[in-house]
Amino acid sequence: MSTSIFQRINSGWLTTAYATTTAVFIGIQSFLIAVLQGPWVYFHAHGAVLWAILTAIVVTTSLVAAAALLFGGVRIYRRVCAAEAKAADEIYHDLLSAREAQRLHRARMHEVTSTLAGVRSASELLCNSDTLDPERRVAMMTMMGSELRRLERLVRAQRGGADTMPIDVGVIDVDAVVHNLALAHEASGTTVVHEPGNALAVGSSDAAARIINILLDNAAKHGSGAVDVAVRHEPGESGQMVVIEVSDDGPGVASEVRERIFEWGVRGPDSAGQGIGLNEAHTVAERMGGSLRLAAADRTTFVVTLPSAVIQRPTAEADKEGASDDVVAA
């Protein structure tokens with residue numbers, strides 16, 4: 001951004017022309033006034049007529065000069081105002097870009113912190129517990145590897161400066177994603193009751209993990225008791241959908257923020273959070289073609305919907321081919 005308004009609008013020539021015109025008119029006026037006051041006007045045979053003509057010329061040129069100077073001043077003022085408005089607009093857009101970059105950075109750091117906490121807890125559990133059965137120990141180690149790879153992809157995207165995480169089109173094993181995250185949160189001391197639904201969704205497993213991880217983290221921080229996660233297929237307006245319900249027995253969302261709970265920075269009066277996670281989860285869900293909402297239920301329940309990878313075929317066609325009614329779209 002240029003530090004000089006006139007350099008920005010390239011109007012130095014206009015200022016020079018304005019100053020030159022002013023000098024010329026002042027010079028002409030001075031000359032004519034000197035002529036009017038000259039002795040030869042008063043002693044000339046037609047001095048009165050000549051004086052009247054010269055006076056008319058002085059008045060006329062004064063009016064022309066005033067109009068020209070006013071016109072030039074208005075043009076310069078308009079140019080300066082336009083340049084100032086352009087500069088202000090650029091500053092505004094720079095501030096918006098900086099704010100979005102800051103939001104993106106904070107959202108990713110929120111996810112990185114949560115993921116690292118789960119991996120650290122699992123690592124400590126594996127190192128300090130002698131009571132884990134071999135099967136659960138293997139499951140914990142598998143989860144840690146999966147979460148560390150997801151964390152690596154998240155950090156790589158942050159380092160690359162991408163404005164949004166890529167939403168790859170693939171088939172998501174939703175139950176597998178929930179299972180991994182449930183292990184991570186259970187290592188941190190949260191009991192997660194997972195009700196699998198053999199659901200397959202369309203989109204990115206990393207993106208789905210971000211949504212579910214945020215909801216589990218939110219339930220662990222603000223809820224109480226066990227966190228229930230139910231997964232199922234359900235018909236929607238645009239086709240078959242995968243529904244993921246995350247509920248807990250916490251105090252619930254305060255009434256004054258229920259309508260704005262997914263806005264950036266909005267949090268309950270008693271919340272120690274930053275109002276980042278739910279906004280991020282809502283944004284990612286919509287980018288995947290789904291949604292996130294707060295259900296009107298006795299328990300605090302967040303409902304995620306994602307496009308299903310399973311297409312339900314007409315019953316007659318399925319019976320004819322002797323196959324199942326459902327096929328995987330991918």
# chains A, B, ... in the order shown; residues from 1 in each chain; ligands from 1
$ residues_around --residues "Gly265 of chain A" --least-positions-apart "5" --cutoff "7 Å" --atoms "only C-alpha atoms" --output "list in words"
Gln274, Gly275 and Ile276 of chain A
$ write_last_selection --atoms "C-alpha atoms" --output "tab-separated table (two decimals), in the first residue's frame"
chain	number	residue	atom	x	y	z
A	274	GLN	CA	-13.34	-19.87	23.56
A	275	GLY	CA	-16.42	-20.37	21.38
A	276	ILE	CA	-14.30	-21.87	18.57
$ residues_around --residues "Ala219 of chain A" --least-positions-apart "4" --cutoff "12 Å" --atoms "only C-alpha atoms" --output "VMD selection string"
chain A and resid 185 190 to 192 212 to 215 223 to 229 245 to 253 271 273 277 to 278 299 to 302
$ atom_distance --atom1 "atom CA of Gly197 of chain A" --atom2 "atom CA of Val231 of chain A"
4.8 Å
$ select_by_dssp --residues "segment 66-254 of chain A" --states "strand (DSSP E)" --output "PyMOL selection string"
chain A and resi 170-173+192-195+200-203+227-236+239-248
$ select_by_dssp --residues "segment 226-303 of chain A" --states "alpha helix (DSSP H)" --output "PyMOL selection string"
chain A and resi 277-287
$ write_last_selection --atoms "N, CA and C atoms" --output "PDB file, in the first residue's frame"
ATOM      1  N   GLY A 277     -14.766 -24.244  18.876  1.00  0.00           N
ATOM      2  CA  GLY A 277     -14.988 -25.612  18.420  1.00  0.00           C
ATOM      3  C   GLY A 277     -16.300 -25.837  17.701  1.00  0.00           C
ATOM      4  N   LEU A 278     -17.408 -25.424  18.295  1.00  0.00           N
ATOM      5  CA  LEU A 278     -18.710 -25.685  17.687  1.00  0.00           C
ATOM      6  C   LEU A 278     -18.876 -24.935  16.366  1.00  0.00           C
ATOM      7  N   ASN A 279     -18.317 -23.736  16.282  1.00  0.00           N
ATOM      8  CA  ASN A 279     -18.345 -22.999  15.017  1.00  0.00           C
ATOM      9  C   ASN A 279     -17.586 -23.758  13.941  1.00  0.00           C
ATOM     10  N   GLU A 280     -16.423 -24.284  14.306  1.00  0.00           N
ATOM     11  CA  GLU A 280     -15.616 -25.045  13.353  1.00  0.00           C
ATOM     12  C   GLU A 280     -16.337 -26.319  12.932  1.00  0.00           C
ATOM     13  N   ALA A 281     -16.926 -27.041  13.875  1.00  0.00           N
ATOM     14  CA  ALA A 281     -17.641 -28.273  13.553  1.00  0.00           C
ATOM     15  C   ALA A 281     -18.822 -27.992  12.635  1.00  0.00           C
ATOM     16  N   HIS A 282     -19.547 -26.920  12.905  1.00  0.00           N
ATOM     17  CA  HIS A 282     -20.705 -26.540  12.084  1.00  0.00           C
ATOM     18  C   HIS A 282     -20.260 -26.203  10.663  1.00  0.00           C
ATOM     19  N   THR A 283     -19.153 -25.466  10.541  1.00  0.00           N
ATOM     20  CA  THR A 283     -18.639 -25.077   9.230  1.00  0.00           C
ATOM     21  C   THR A 283     -18.201 -26.294   8.423  1.00  0.00           C
ATOM     22  N   VAL A 284     -17.467 -27.200   9.050  1.00  0.00           N
ATOM     23  CA  VAL A 284     -16.978 -28.394   8.356  1.00  0.00           C
ATOM     24  C   VAL A 284     -18.142 -29.288   7.942  1.00  0.00           C
ATOM     25  N   ALA A 285     -19.133 -29.443   8.806  1.00  0.00           N
ATOM     26  CA  ALA A 285     -20.288 -30.277   8.470  1.00  0.00           C
ATOM     27  C   ALA A 285     -21.017 -29.733   7.240  1.00  0.00           C
ATOM     28  N   GLU A 286     -21.188 -28.419   7.174  1.00  0.00           N
ATOM     29  CA  GLU A 286     -21.868 -27.829   6.021  1.00  0.00           C
ATOM     30  C   GLU A 286     -21.039 -27.971   4.751  1.00  0.00           C
ATOM     31  N   ARG A 287     -19.713 -27.863   4.890  1.00  0.00           N
ATOM     32  CA  ARG A 287     -18.847 -28.032   3.721  1.00  0.00           C
ATOM     33  C   ARG A 287     -18.903 -29.461   3.188  1.00  0.00           C
TER      34      ARG A 287
END
$ closest_residue --among "A:Ala254, A:Leu294, A:Ala230, A:Leu151" --to "Val119 of chain A" --atoms "only C-alpha atoms"
A:Leu151
$ residues_around --residues "Arg99 of chain A" --least-positions-apart "6" --cutoff "12 Å" --atoms "only C-alpha atoms" --output "PyMOL selection string"
chain A and resi 92-93+105-106+163+264
$ write_last_selection --atoms "all heavy atoms" --output "CSV table (one decimal), in the first residue's frame"
chain,number,residue,atom,x,y,z
A,92,TYR,N,-9.7,-2.4,5.0
A,92,TYR,CA,-10.8,-3.2,5.6
A,92,TYR,C,-10.6,-4.7,5.1
A,92,TYR,O,-10.8,-5.6,5.9
A,92,TYR,CB,-12.1,-2.6,5.1
A,92,TYR,CG,-13.3,-3.5,5.4
A,92,TYR,CD1,-13.8,-3.5,6.8
A,92,TYR,CD2,-14.0,-4.2,4.5
A,92,TYR,CE1,-14.9,-4.3,7.1
A,92,TYR,CE2,-15.1,-4.9,4.8
A,92,TYR,CZ,-15.6,-5.0,6.1
A,92,TYR,OH,-16.7,-5.7,6.4
A,93,HIS,N,-10.4,-4.9,3.8
A,93,HIS,CA,-10.2,-6.2,3.3
A,93,HIS,C,-9.0,-6.9,3.9
A,93,HIS,O,-9.0,-8.1,4.1
A,93,HIS,CB,-10.1,-6.2,1.8
A,93,HIS,CG,-11.5,-6.0,1.1
A,93,HIS,ND1,-12.5,-6.9,1.1
A,93,HIS,CD2,-11.9,-4.9,0.4
A,93,HIS,CE1,-13.6,-6.4,0.5
A,93,HIS,NE2,-13.2,-5.2,0.0
A,105,HIS,N,-6.2,-20.3,12.1
A,105,HIS,CA,-5.1,-20.7,13.0
A,105,HIS,C,-5.6,-21.2,14.3
A,105,HIS,O,-5.2,-22.2,14.8
A,105,HIS,CB,-4.1,-19.6,13.1
A,105,HIS,CG,-2.9,-19.9,14.0
A,105,HIS,ND1,-1.9,-20.7,13.7
A,105,HIS,CD2,-2.7,-19.5,15.3
A,105,HIS,CE1,-1.1,-20.8,14.7
A,105,HIS,NE2,-1.5,-20.1,15.7
A,106,ARG,N,-6.5,-20.4,14.9
A,106,ARG,CA,-7.0,-20.8,16.3
A,106,ARG,C,-7.8,-22.0,16.2
A,106,ARG,O,-7.7,-22.9,17.1
A,106,ARG,CB,-7.8,-19.6,16.8
A,106,ARG,CG,-7.0,-18.4,17.2
A,106,ARG,CD,-7.9,-17.3,17.7
A,106,ARG,NE,-8.6,-17.6,18.9
A,106,ARG,CZ,-9.5,-16.9,19.5
A,106,ARG,NH1,-9.9,-15.7,18.9
A,106,ARG,NH2,-10.1,-17.3,20.6
A,163,ASP,N,-6.6,-22.1,3.2
A,163,ASP,CA,-7.6,-21.4,4.0
A,163,ASP,C,-8.7,-22.4,4.6
A,163,ASP,O,-9.3,-22.1,5.6
A,163,ASP,CB,-8.4,-20.4,3.1
A,163,ASP,CG,-9.0,-21.0,1.9
A,163,ASP,OD1,-8.6,-22.1,1.5
A,163,ASP,OD2,-9.8,-20.4,1.3
A,264,TRP,N,-19.1,-17.8,15.8
A,264,TRP,CA,-17.7,-17.7,16.3
A,264,TRP,C,-17.7,-16.9,17.6
A,264,TRP,O,-18.2,-15.8,17.6
A,264,TRP,CB,-16.9,-17.1,15.2
A,264,TRP,CG,-15.4,-16.9,15.7
A,264,TRP,CD1,-14.9,-15.8,16.3
A,264,TRP,CD2,-14.3,-17.8,15.5
A,264,TRP,NE1,-13.6,-16.0,16.6
A,264,TRP,CE2,-13.2,-17.2,16.1
A,264,TRP,CE3,-14.2,-19.0,15.0
A,264,TRP,CZ2,-12.0,-17.8,16.1
A,264,TRP,CZ3,-13.0,-19.6,15.0
A,264,TRP,CH2,-11.9,-19.0,15.5
